[in-house]
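See below for final.cif, which holds mmCIF, C-alpha atoms.
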data_structure
loop_
_atom_site.group_PDB
_atom_site.id
_atom_site.type_symbol
_atom_site.label_atom_id
_atom_site.label_comp_id
_atom_site.auth_asym_id
_atom_site.auth_seq_id
_atom_site.Cartn_x
_atom_site.Cartn_y
_atom_site.Cartn_z
ATOM 1 C CA MET A 1 -36.955 34.376 1.820
ATOM 2 C CA PRO A 2 -34.619 32.751 4.380
ATOM 3 C CA ASN A 3 -30.909 32.111 3.803
ATOM 4 C CA ILE A 4 -30.548 34.765 1.117
ATOM 5 C CA VAL A 5 -28.297 37.828 1.131
ATOM 6 C CA LEU A 6 -28.409 40.538 -1.528
ATOM 7 C CA PHE A 7 -25.405 42.819 -2.024
ATOM 8 C CA SER A 8 -25.025 45.844 -4.270
ATOM 9 C CA GLY A 9 -21.864 46.885 -6.034
ATOM 10 C CA SER A 10 -21.216 50.572 -6.572
ATOM 11 C CA SER A 11 -22.119 50.690 -10.285
ATOM 12 C CA HIS A 12 -25.925 50.942 -9.968
ATOM 13 C CA HIS A 13 -27.176 51.214 -6.389
ATOM 14 C CA ASP A 14 -30.624 52.470 -7.458
ATOM 15 C CA LEU A 15 -31.384 49.294 -9.432
ATOM 16 C CA SER A 16 -30.114 47.118 -6.567
ATOM 17 C CA GLN A 17 -32.404 48.924 -4.139
ATOM 18 C CA ARG A 18 -35.394 48.496 -6.473
ATOM 19 C CA VAL A 19 -34.693 44.752 -6.695
ATOM 20 C CA ALA A 20 -34.318 44.494 -2.916
ATOM 21 C CA ASP A 21 -37.604 46.357 -2.373
ATOM 22 C CA ARG A 22 -39.444 44.016 -4.745
ATOM 23 C CA LEU A 23 -38.044 41.006 -2.893
ATOM 24 C CA GLY A 24 -38.823 42.513 0.511
ATOM 25 C CA LEU A 25 -35.157 42.368 1.514
ATOM 26 C CA GLU A 26 -32.601 44.766 2.952
ATOM 27 C CA LEU A 27 -29.394 45.181 0.994
ATOM 28 C CA GLY A 28 -26.469 43.509 2.735
ATOM 29 C CA LYS A 29 -23.782 45.587 4.406
ATOM 30 C CA VAL A 30 -20.696 46.036 2.273
ATOM 31 C CA VAL A 31 -18.053 48.778 2.238
ATOM 32 C CA THR A 32 -16.086 49.434 -0.940
ATOM 33 C CA LYS A 33 -13.241 51.910 -1.074
ATOM 34 C CA LYS A 34 -9.954 52.593 -2.805
ATOM 35 C CA PHE A 35 -6.493 52.885 -1.379
ATOM 36 C CA SER A 36 -4.353 55.857 -2.362
ATOM 37 C CA ASN A 37 -2.748 53.775 -5.125
ATOM 38 C CA GLN A 38 -6.269 53.104 -6.552
ATOM 39 C CA GLU A 39 -6.439 49.455 -5.464
ATOM 40 C CA THR A 40 -10.009 48.379 -4.700
ATOM 41 C CA SER A 41 -10.869 47.252 -1.175
ATOM 42 C CA VAL A 42 -14.081 45.428 -0.245
ATOM 43 C CA GLU A 43 -15.304 44.601 3.270
ATOM 44 C CA ILE A 44 -18.376 42.376 3.696
ATOM 45 C CA GLY A 45 -20.134 43.706 6.773
ATOM 46 C CA GLU A 46 -22.201 40.663 7.776
ATOM 47 C CA SER A 47 -21.986 36.895 7.962
ATOM 48 C CA VAL A 48 -22.667 34.984 4.748
ATOM 49 C CA ARG A 49 -21.826 31.516 6.059
ATOM 50 C CA GLY A 50 -24.211 29.024 4.473
ATOM 51 C CA GLU A 51 -26.147 31.797 2.736
ATOM 52 C CA ASP A 52 -27.351 32.062 -0.857
ATOM 53 C CA VAL A 53 -25.587 35.262 -1.970
ATOM 54 C CA TYR A 54 -26.580 37.509 -4.898
ATOM 55 C CA ILE A 55 -24.323 40.387 -5.952
ATOM 56 C CA ILE A 56 -25.776 43.001 -8.317
ATOM 57 C CA GLN A 57 -23.170 44.849 -10.362
ATOM 58 C CA SER A 58 -23.740 46.214 -13.872
ATOM 59 C CA GLY A 59 -21.022 46.661 -16.489
ATOM 60 C CA CYS A 60 -21.231 50.432 -16.762
ATOM 61 C CA GLY A 61 -19.557 53.594 -15.531
ATOM 62 C CA GLU A 62 -15.945 52.876 -14.588
ATOM 63 C CA ILE A 63 -16.218 49.429 -16.146
ATOM 64 C CA ASN A 64 -12.793 48.084 -15.238
ATOM 65 C CA ASP A 65 -13.004 49.256 -11.618
ATOM 66 C CA ASN A 66 -16.544 47.916 -11.257
ATOM 67 C CA LEU A 67 -15.562 44.558 -12.759
ATOM 68 C CA MET A 68 -12.644 44.254 -10.339
ATOM 69 C CA GLU A 69 -14.929 45.217 -7.450
ATOM 70 C CA LEU A 70 -17.387 42.479 -8.477
ATOM 71 C CA LEU A 71 -14.615 39.870 -8.654
ATOM 72 C CA ILE A 72 -13.363 40.813 -5.185
ATOM 73 C CA MET A 73 -16.898 40.737 -3.737
ATOM 74 C CA ILE A 74 -17.520 37.278 -5.228
ATOM 75 C CA ASN A 75 -14.260 35.964 -3.833
ATOM 76 C CA ALA A 76 -14.832 37.545 -0.417
ATOM 77 C CA CYS A 77 -18.220 35.827 -0.125
ATOM 78 C CA LYS A 78 -16.869 32.534 -1.429
ATOM 79 C CA ILE A 79 -14.025 32.287 1.089
ATOM 80 C CA ALA A 80 -16.444 33.381 3.832
ATOM 81 C CA SER A 81 -18.228 30.002 3.360
ATOM 82 C CA SER A 82 -21.346 31.117 1.488
ATOM 83 C CA SER A 83 -23.278 28.173 0.043
ATOM 84 C CA ARG A 84 -23.653 29.767 -3.411
ATOM 85 C CA VAL A 85 -22.641 33.049 -5.026
ATOM 86 C CA THR A 86 -24.670 34.381 -7.964
ATOM 87 C CA ALA A 87 -23.424 37.397 -9.914
ATOM 88 C CA VAL A 88 -26.334 39.452 -11.245
ATOM 89 C CA ILE A 89 -24.857 41.467 -14.115
ATOM 90 C CA PRO A 90 -27.651 43.356 -15.925
ATOM 91 C CA CYS A 91 -25.251 44.721 -18.562
ATOM 92 C CA PHE A 92 -22.423 42.251 -19.217
ATOM 93 C CA PRO A 93 -19.037 44.006 -19.621
ATOM 94 C CA TYR A 94 -16.927 43.434 -22.747
ATOM 95 C CA ALA A 95 -19.891 41.683 -24.413
ATOM 96 C CA ARG A 96 -19.062 43.221 -27.812
ATOM 97 C CA GLN A 97 -15.636 41.560 -27.793
ATOM 98 C CA ASP A 98 -17.117 38.096 -28.265
ATOM 99 C CA LYS A 99 -15.151 36.924 -31.321
ATOM 100 C CA LYS A 100 -12.092 37.641 -33.388
ATOM 101 C CA ASP A 101 -12.734 40.629 -35.633
ATOM 102 C CA LYS A 102 -12.337 39.418 -39.205
ATOM 103 C CA LYS A 103 -12.266 42.913 -40.684
ATOM 104 C CA GLY A 104 -8.950 44.256 -41.887
ATOM 105 C CA ALA A 105 -5.693 42.439 -42.409
ATOM 106 C CA VAL A 106 -5.371 38.751 -41.584
ATOM 107 C CA GLU A 107 -2.467 39.535 -39.260
ATOM 108 C CA ARG A 108 -4.638 41.852 -37.162
ATOM 109 C CA TRP A 109 -7.488 39.347 -37.132
ATOM 110 C CA SER A 110 -5.294 36.538 -35.786
ATOM 111 C CA ARG A 111 -4.150 38.649 -32.819
ATOM 112 C CA ALA A 112 -7.566 39.978 -31.764
ATOM 113 C CA PRO A 113 -8.611 39.029 -28.203
ATOM 114 C CA ILE A 114 -11.920 37.458 -27.191
ATOM 115 C CA SER A 115 -12.301 39.571 -24.069
ATOM 116 C CA ALA A 116 -15.811 38.352 -23.192
ATOM 117 C CA LYS A 117 -14.338 34.866 -22.734
ATOM 118 C CA LEU A 118 -11.635 36.317 -20.491
ATOM 119 C CA VAL A 119 -14.287 38.006 -18.325
ATOM 120 C CA ALA A 120 -16.167 34.698 -18.101
ATOM 121 C CA ASN A 121 -13.003 32.948 -16.928
ATOM 122 C CA MET A 122 -12.332 35.653 -14.338
ATOM 123 C CA LEU A 123 -15.847 35.386 -12.890
ATOM 124 C CA SER A 124 -15.561 31.609 -12.629
ATOM 125 C CA VAL A 125 -12.108 31.711 -11.034
ATOM 126 C CA ALA A 126 -13.278 34.361 -8.539
ATOM 127 C CA GLY A 127 -15.840 31.833 -7.287
ATOM 128 C CA ALA A 128 -19.144 32.619 -9.014
ATOM 129 C CA ASP A 129 -21.485 29.624 -9.079
ATOM 130 C CA HIS A 130 -24.168 31.167 -11.303
ATOM 131 C CA ILE A 131 -24.586 34.184 -13.595
ATOM 132 C CA ILE A 132 -27.785 36.153 -14.222
ATOM 133 C CA THR A 133 -27.571 38.721 -17.002
ATOM 134 C CA MET A 134 -29.849 40.435 -19.530
ATOM 135 C CA ASP A 135 -29.918 40.619 -23.332
ATOM 136 C CA LEU A 136 -26.364 39.501 -24.024
ATOM 137 C CA HIS A 137 -24.947 41.163 -27.120
ATOM 138 C CA ALA A 138 -24.157 37.674 -28.445
ATOM 139 C CA SER A 139 -25.928 34.640 -27.020
ATOM 140 C CA GLN A 140 -22.866 32.437 -27.517
ATOM 141 C CA ILE A 141 -21.274 34.192 -24.529
ATOM 142 C CA GLN A 142 -23.304 31.773 -22.400
ATOM 143 C CA GLY A 143 -21.084 29.019 -23.796
ATOM 144 C CA PHE A 144 -17.956 30.775 -22.517
ATOM 145 C CA PHE A 145 -18.923 29.678 -18.990
ATOM 146 C CA ASP A 146 -18.718 26.268 -17.320
ATOM 147 C CA ILE A 147 -21.299 27.409 -14.747
ATOM 148 C CA PRO A 148 -25.045 28.039 -15.248
ATOM 149 C CA VAL A 149 -25.935 31.283 -17.043
ATOM 150 C CA ASP A 150 -29.461 32.733 -17.227
ATOM 151 C CA ASN A 151 -29.732 35.276 -20.038
ATOM 152 C CA LEU A 152 -32.951 37.189 -19.346
ATOM 153 C CA TYR A 153 -34.780 39.206 -21.984
ATOM 154 C CA ALA A 154 -36.320 42.666 -21.746
ATOM 155 C CA GLU A 155 -38.878 41.735 -24.422
ATOM 156 C CA PRO A 156 -41.918 41.423 -22.080
ATOM 157 C CA ALA A 157 -41.229 44.910 -20.721
ATOM 158 C CA VAL A 158 -40.683 46.280 -24.229
ATOM 159 C CA LEU A 159 -43.985 44.844 -25.474
ATOM 160 C CA GLN A 160 -45.854 46.337 -22.525
ATOM 161 C CA TRP A 161 -44.265 49.773 -23.072
ATOM 162 C CA ILE A 162 -45.178 49.762 -26.771
ATOM 163 C CA LYS A 163 -48.825 48.887 -26.098
ATOM 164 C CA GLU A 164 -49.186 51.440 -23.297
ATOM 165 C CA ASN A 165 -47.331 54.393 -24.857
ATOM 166 C CA ILE A 166 -47.687 54.214 -28.649
ATOM 167 C CA LEU A 167 -51.314 54.736 -29.630
ATOM 168 C CA GLU A 168 -50.698 53.720 -33.246
ATOM 169 C CA TRP A 169 -48.802 50.535 -32.324
ATOM 170 C CA LYS A 170 -51.119 48.374 -34.459
ATOM 171 C CA ASN A 171 -49.888 50.324 -37.515
ATOM 172 C CA CYS A 172 -46.226 50.170 -36.523
ATOM 173 C CA ILE A 173 -43.290 48.354 -38.068
ATOM 174 C CA ILE A 174 -40.437 46.941 -35.972
ATOM 175 C CA VAL A 175 -37.021 47.768 -37.421
ATOM 176 C CA SER A 176 -33.607 46.293 -36.692
ATOM 177 C CA PRO A 177 -30.744 48.770 -37.241
ATOM 178 C CA ASP A 178 -28.511 45.900 -38.406
ATOM 179 C CA ALA A 179 -28.835 42.386 -39.780
ATOM 180 C CA GLY A 180 -27.605 40.856 -36.526
ATOM 181 C CA GLY A 181 -30.745 41.977 -34.682
ATOM 182 C CA ALA A 182 -33.186 40.353 -37.122
ATOM 183 C CA LYS A 183 -34.091 37.537 -34.733
ATOM 184 C CA ARG A 184 -34.843 40.039 -31.961
ATOM 185 C CA VAL A 185 -37.186 42.215 -34.045
ATOM 186 C CA THR A 186 -38.995 39.287 -35.657
ATOM 187 C CA SER A 187 -39.835 37.946 -32.212
ATOM 188 C CA ILE A 188 -41.315 41.289 -31.134
ATOM 189 C CA ALA A 189 -43.102 41.769 -34.474
ATOM 190 C CA ASP A 190 -44.679 38.305 -34.177
ATOM 191 C CA ARG A 191 -45.889 39.033 -30.657
ATOM 192 C CA LEU A 192 -47.447 42.328 -31.806
ATOM 193 C CA ASN A 193 -48.712 40.810 -35.091
ATOM 194 C CA VAL A 194 -47.047 43.548 -37.159
ATOM 195 C CA GLU A 195 -44.429 43.585 -39.917
ATOM 196 C CA PHE A 196 -40.689 44.074 -39.527
ATOM 197 C CA ALA A 197 -37.853 45.624 -41.522
ATOM 198 C CA LEU A 198 -34.094 45.774 -41.179
ATOM 199 C CA ILE A 199 -31.258 48.060 -42.121
ATOM 200 C CA HIS A 200 -28.041 46.701 -43.550
ATOM 201 C CA LYS A 201 -25.064 48.781 -42.477
ATOM 202 C CA GLU A 202 -21.464 48.840 -43.576
ATOM 203 C CA ARG A 203 -18.821 50.205 -41.204
ATOM 204 C CA LYS A 204 -15.556 51.911 -42.066
ATOM 205 C CA ARG A 205 -14.351 51.305 -38.517
ATOM 206 C CA ALA A 206 -15.759 50.765 -34.992
ATOM 207 C CA ASN A 207 -18.471 53.286 -34.003
ATOM 208 C CA GLU A 208 -18.557 54.764 -37.532
ATOM 209 C CA VAL A 209 -21.183 53.726 -40.088
ATOM 210 C CA ASP A 210 -20.376 54.170 -43.796
ATOM 211 C CA ARG A 211 -23.596 53.212 -45.627
ATOM 212 C CA MET A 212 -27.132 52.046 -44.780
ATOM 213 C CA VAL A 213 -29.668 50.164 -46.899
ATOM 214 C CA LEU A 214 -33.301 49.782 -45.739
ATOM 215 C CA VAL A 215 -34.978 46.448 -46.444
ATOM 216 C CA GLY A 216 -38.758 46.797 -45.957
ATOM 217 C CA ASP A 217 -41.581 49.306 -46.400
ATOM 218 C CA VAL A 218 -42.029 51.899 -43.632
ATOM 219 C CA LYS A 219 -44.051 54.471 -45.595
ATOM 220 C CA ASP A 220 -46.911 56.020 -43.549
ATOM 221 C CA ARG A 221 -46.116 53.844 -40.521
ATOM 222 C CA VAL A 222 -44.726 54.324 -37.042
ATOM 223 C CA ALA A 223 -41.210 52.871 -37.086
ATOM 224 C CA ILE A 224 -39.837 51.354 -33.872
ATOM 225 C CA LEU A 225 -36.090 50.702 -33.885
ATOM 226 C CA VAL A 226 -35.153 47.874 -31.515
ATOM 227 C CA ASP A 227 -31.604 46.951 -30.514
ATOM 228 C CA ASP A 228 -29.774 45.462 -27.548
ATOM 229 C CA MET A 229 -27.523 48.468 -26.947
ATOM 230 C CA ALA A 230 -26.479 51.886 -28.188
ATOM 231 C CA ASP A 231 -23.117 53.463 -27.427
ATOM 232 C CA THR A 232 -22.267 56.599 -29.406
ATOM 233 C CA CYS A 233 -25.676 56.340 -31.159
ATOM 234 C CA GLY A 234 -24.315 56.934 -34.640
ATOM 235 C CA THR A 235 -26.095 53.831 -35.938
ATOM 236 C CA ILE A 236 -29.562 54.513 -34.547
ATOM 237 C CA CYS A 237 -29.469 58.220 -35.438
ATOM 238 C CA HIS A 238 -28.478 57.437 -39.031
ATOM 239 C CA ALA A 239 -31.195 54.777 -39.048
ATOM 240 C CA ALA A 240 -33.780 57.297 -37.827
ATOM 241 C CA ASP A 241 -32.883 59.677 -40.670
ATOM 242 C CA LYS A 242 -33.131 56.787 -43.133
ATOM 243 C CA LEU A 243 -36.590 55.832 -41.846
ATOM 244 C CA VAL A 244 -37.908 59.399 -42.004
ATOM 245 C CA SER A 245 -36.627 59.824 -45.565
ATOM 246 C CA ALA A 246 -38.364 56.517 -46.434
ATOM 247 C CA GLY A 247 -41.721 57.905 -45.275
ATOM 248 C CA ALA A 248 -42.082 56.839 -41.625
ATOM 249 C CA THR A 249 -44.550 59.091 -39.762
ATOM 250 C CA LYS A 250 -42.804 58.720 -36.389
ATOM 251 C CA VAL A 251 -39.637 57.020 -35.188
ATOM 252 C CA TYR A 252 -39.018 55.505 -31.755
ATOM 253 C CA ALA A 253 -35.938 53.662 -30.508
ATOM 254 C CA ILE A 254 -36.119 50.981 -27.815
ATOM 255 C CA LEU A 255 -32.831 49.695 -26.416
ATOM 256 C CA THR A 256 -31.986 47.346 -23.568
ATOM 257 C CA HIS A 257 -28.637 48.928 -22.669
ATOM 258 C CA GLY A 258 -28.291 52.689 -23.140
ATOM 259 C CA ILE A 259 -24.541 53.279 -22.836
ATOM 260 C CA PHE A 260 -24.664 56.764 -24.422
ATOM 261 C CA SER A 261 -20.982 57.673 -24.451
ATOM 262 C CA GLY A 262 -19.191 60.440 -26.344
ATOM 263 C CA PRO A 263 -21.495 62.489 -28.607
ATOM 264 C CA ALA A 264 -24.544 60.235 -28.004
ATOM 265 C CA ILE A 265 -26.692 62.770 -26.129
ATOM 266 C CA SER A 266 -26.218 65.570 -28.650
ATOM 267 C CA ARG A 267 -26.908 63.146 -31.505
ATOM 268 C CA ILE A 268 -30.169 61.995 -29.916
ATOM 269 C CA ASN A 269 -31.255 65.588 -29.254
ATOM 270 C CA ASN A 270 -30.693 66.435 -32.938
ATOM 271 C CA ALA A 271 -32.226 63.235 -34.338
ATOM 272 C CA ALA A 272 -35.795 62.644 -35.511
ATOM 273 C CA PHE A 273 -36.877 60.503 -32.562
ATOM 274 C CA GLU A 274 -40.166 60.879 -30.732
ATOM 275 C CA ALA A 275 -38.507 59.038 -27.828
ATOM 276 C CA VAL A 276 -35.482 56.878 -27.083
ATOM 277 C CA VAL A 277 -36.532 54.247 -24.564
ATOM 278 C CA VAL A 278 -33.979 52.259 -22.562
ATOM 279 C CA THR A 279 -34.137 49.888 -19.625
ATOM 280 C CA ASN A 280 -32.411 50.783 -16.374
ATOM 281 C CA THR A 281 -29.667 48.155 -16.630
ATOM 282 C CA ILE A 282 -27.454 51.270 -16.731
ATOM 283 C CA PRO A 283 -28.146 54.441 -14.669
ATOM 284 C CA GLN A 284 -29.849 57.084 -16.830
ATOM 285 C CA GLU A 285 -30.757 59.858 -14.386
ATOM 286 C CA GLU A 286 -27.994 62.276 -15.406
ATOM 287 C CA LYS A 287 -28.449 61.625 -19.122
ATOM 288 C CA MET A 288 -32.203 62.197 -18.889
ATOM 289 C CA LYS A 289 -31.518 65.678 -17.480
ATOM 290 C CA HIS A 290 -29.655 66.597 -20.676
ATOM 291 C CA CYS A 291 -31.918 64.765 -23.114
ATOM 292 C CA PRO A 292 -35.722 64.941 -22.668
ATOM 293 C CA LYS A 293 -36.224 62.291 -25.368
ATOM 294 C CA ILE A 294 -34.737 59.553 -23.159
ATOM 295 C CA GLN A 295 -37.234 57.485 -21.162
ATOM 296 C CA PHE A 296 -36.596 54.330 -19.179
ATOM 297 C CA ILE A 297 -38.329 51.034 -18.487
ATOM 298 C CA ASP A 298 -37.793 49.563 -15.025
ATOM 299 C CA ILE A 299 -36.633 45.938 -15.302
ATOM 300 C CA SER A 300 -36.117 45.404 -11.557
ATOM 301 C CA MET A 301 -39.165 43.097 -11.447
ATOM 302 C CA ILE A 302 -37.589 40.770 -14.024
ATOM 303 C CA LEU A 303 -34.331 40.598 -12.056
ATOM 304 C CA ALA A 304 -36.141 40.192 -8.730
ATOM 305 C CA GLU A 305 -38.287 37.367 -10.069
ATOM 306 C CA ALA A 306 -35.201 35.660 -11.525
ATOM 307 C CA ILE A 307 -33.487 35.839 -8.136
ATOM 308 C CA ARG A 308 -36.562 34.534 -6.336
ATOM 309 C CA ARG A 309 -36.965 31.617 -8.721
ATOM 310 C CA THR A 310 -33.259 30.776 -8.610
ATOM 311 C CA HIS A 311 -33.292 30.797 -4.820
ATOM 312 C CA ASN A 312 -36.360 28.524 -4.754
ATOM 313 C CA GLY A 313 -34.931 26.142 -7.368
ATOM 314 C CA GLU A 314 -37.589 27.035 -9.954
ATOM 315 C CA SER A 315 -37.239 27.550 -13.701
ATOM 316 C CA VAL A 316 -36.198 31.025 -14.827
ATOM 317 C CA SER A 317 -37.103 30.437 -18.494
ATOM 318 C CA TYR A 318 -40.789 31.039 -17.613
ATOM 319 C CA LEU A 319 -39.869 34.706 -17.187
ATOM 320 C CA PHE A 320 -39.270 35.202 -20.891
ATOM 321 C CA SER A 321 -42.938 35.804 -21.575
ATOM 322 C CA HIS A 322 -44.865 35.771 -18.304
ATOM 323 C CA VAL A 323 -43.244 38.237 -15.908
ATOM 324 C CA PRO A 324 -45.798 40.595 -14.277
ATOM 325 C CA LEU A 325 -44.449 44.157 -14.465
#
Whole structure, structure tokens version:
Amino acid sequence: MPNIVLFSGSSHHDLSQRVADRLGLELGKVVTKKFSNQETSVEIGESVRGEDVYIIQSGCGEINDNLMELLIMINACKIASSSRVTAVIPCFPYARQDKKDKKGAVERWSRAPISAKLVANMLSVAGADHIITMDLHASQIQGFFDIPVDNLYAEPAVLQWIKENILEWKNCIIVSPDAGGAKRVTSIADRLNVEFALIHKERKRANEVDRMVLVGDVKDRVAILVDDMADTCGTICHAADKLVSAGATKVYAILTHGIFSGPAISRINNAAFEAVVVTNTIPQEEKMKHCPKIQFIDISMILAEAIRRTHNGESVSYLFSHVPL
């Protein structure tokens, strides 16, 4: 693959190396450091003049520092005369702040920020020509950009994992832990030719669920919860308890982005899950040491194929159902 340079930010070097290995490339030389006042410094260690540059940086860990590092890397490559700069952001930062929150007083609603739009503006101003991301929390975030955005889906990898690891998958039911994920679970249920259910939840406040209502019959079936992300895991753990009390024989959770902050690990350990399966858009090695229920699906092939197709000017939409894992 001539005229292509692949750089890794500091948020998820393991995933970047997996992508580079699948593409048969070496990661580009870049040095990131901080000054004593905590300003971020980036030095690109090789020429990118006329090159097609891809920078892999996930929205995890020290999110604000990693976002700033990505912006500086994009700008450094842009002013170094690269032909195109593509930001590969497996987990898009601030994706949950995609609209004004209409809960609470009208005064509070009118002053709520749309931070995902701000991040989109920052990436564009920094010099990004193209964005590759995965399972956006809200698909309308693509419309926040004036540059091309490819929103990849982990669904092919999820389907393969289900068929290879759940023996009773033909007797399973796909469950969405909230109404917003109905489209996601119906797509997977259709592909598996099984039924789906959903859970309606009411929140008192962010990260705290008040009440859950199950819509669907899970009795004597394997229930598979599917969602795009889990943070403190209050929702999915409450959902697992709800499914068990409704007669589910086993409960699995499959998530694209496993953030797992705060009490998430202890909640998963104490919940009724057979396994909690996440992709590696976010590093999971340390969390897996403290929680044996966590397993991960490698999505580096999907990202690598998206980069290859983008570089060759081919369609990326073909990946949604045909990526070889």
Place a sphere of radius 12 Å on (-37.8, 55.4, -46.2) in the file coordinates and name every protein, DNA or RNA residue with an atom inside or on its surface, counting all atoms listed in the file; give the answer as a VMD selection string.
chain A and resid 175 197 to 199 212 to 223 238 to 251
Residues from the last selection, C-alpha atoms, saved as a CSV table (one decimal), in the frame of the given file:
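Heads up, here's the output in selection39.csv:
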chain,number,residue,atom,x,y,z
A,175,VAL,CA,-37.0,47.8,-37.4
A,197,ALA,CA,-37.9,45.6,-41.5
A,198,LEU,CA,-34.1,45.8,-41.2
A,199,ILE,CA,-31.3,48.1,-42.1
A,212,MET,CA,-27.1,52.0,-44.8
A,213,VAL,CA,-29.7,50.2,-46.9
A,214,LEU,CA,-33.3,49.8,-45.7
A,215,VAL,CA,-35.0,46.4,-46.4
A,216,GLY,CA,-38.8,46.8,-46.0
A,217,ASP,CA,-41.6,49.3,-46.4
A,218,VAL,CA,-42.0,51.9,-43.6
A,219,LYS,CA,-44.1,54.5,-45.6
A,220,ASP,CA,-46.9,56.0,-43.5
A,221,ARG,CA,-46.1,53.8,-40.5
A,222,VAL,CA,-44.7,54.3,-37.0
A,223,ALA,CA,-41.2,52.9,-37.1
A,238,HIS,CA,-28.5,57.4,-39.0
A,239,ALA,CA,-31.2,54.8,-39.0
A,240,ALA,CA,-33.8,57.3,-37.8
A,241,ASP,CA,-32.9,59.7,-40.7
A,242,LYS,CA,-33.1,56.8,-43.1
A,243,LEU,CA,-36.6,55.8,-41.8
A,244,VAL,CA,-37.9,59.4,-42.0
A,245,SER,CA,-36.6,59.8,-45.6
A,246,ALA,CA,-38.4,56.5,-46.4
A,247,GLY,CA,-41.7,57.9,-45.3
A,248,ALA,CA,-42.1,56.8,-41.6
A,249,THR,CA,-44.6,59.1,-39.8
A,250,LYS,CA,-42.8,58.7,-36.4
A,251,VAL,CA,-39.6,57.0,-35.2
Select, counting all atoms listed in the file, all protein, DNA and RNA residues no farther than 12 Å from (-39.0, 40.5, -10.0) in file coordinates, and express the selection as a count of residues only.
30
If you apply the PyMOL selection byres ((chain A and resi 147) around 7) to this file, what residues do you get, as a ChimeraX atom specification?
/A:129-130,145-146,148-149
Selection in question (the file shown): the PyMOL selection byres ((chain A and resi 118) around 12). Which residues does it include, as a ChimeraX atom specification?
/A:67,93-95,97-99,113-117,119-125,141,144-145
Limited to C-alpha atoms, could you put the picked residues into a file as an mmCIF file, in the coordinates of the input?
data_model
loop_
_atom_site.group_PDB
_atom_site.id
_atom_site.type_symbol
_atom_site.label_atom_id
_atom_site.label_comp_id
_atom_site.auth_asym_id
_atom_site.auth_seq_id
_atom_site.Cartn_x
_atom_site.Cartn_y
_atom_site.Cartn_z
ATOM 1 C CA LEU A 67 -15.562 44.558 -12.759
ATOM 2 C CA PRO A 93 -19.037 44.006 -19.621
ATOM 3 C CA TYR A 94 -16.927 43.434 -22.747
ATOM 4 C CA ALA A 95 -19.891 41.683 -24.413
ATOM 5 C CA GLN A 97 -15.636 41.560 -27.793
ATOM 6 C CA ASP A 98 -17.117 38.096 -28.265
ATOM 7 C CA LYS A 99 -15.151 36.924 -31.321
ATOM 8 C CA PRO A 113 -8.611 39.029 -28.203
ATOM 9 C CA ILE A 114 -11.920 37.458 -27.191
ATOM 10 C CA SER A 115 -12.301 39.571 -24.069
ATOM 11 C CA ALA A 116 -15.811 38.352 -23.192
ATOM 12 C CA LYS A 117 -14.338 34.866 -22.734
ATOM 13 C CA VAL A 119 -14.287 38.006 -18.325
ATOM 14 C CA ALA A 120 -16.167 34.698 -18.101
ATOM 15 C CA ASN A 121 -13.003 32.948 -16.928
ATOM 16 C CA MET A 122 -12.332 35.653 -14.338
ATOM 17 C CA LEU A 123 -15.847 35.386 -12.890
ATOM 18 C CA SER A 124 -15.561 31.609 -12.629
ATOM 19 C CA VAL A 125 -12.108 31.711 -11.034
ATOM 20 C CA ILE A 141 -21.274 34.192 -24.529
ATOM 21 C CA PHE A 144 -17.956 30.775 -22.517
ATOM 22 C CA PHE A 145 -18.923 29.678 -18.990
#
Can you turn the PyMOL selection byres ((chain A and resi 72) around 12) into a concrete residue list for this file, as number ranges by chain?
A: 9, 30-33, 39-44, 55, 57, 65-71, 73-79, 87, 122-123, 125-128
Students should find that atom CA of A:Lys100 and atom CA of A:Ala112 are spaced 5.3 Å
Tell me which of A:Val194, A:Arg96, A:Tyr54, A:Gly313 sits closest to A:Ile132, counting all atoms listed in the file.
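That would be A:Tyr54, the residue with the smallest distance to A:Ile132.
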Could you check which of A:Gln295, A:Glu168, A:Asn151, A:Gly45 is closest to A:Ser317, using only C-alpha atoms?
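The closest residue to A:Ser317 is A:Asn151.
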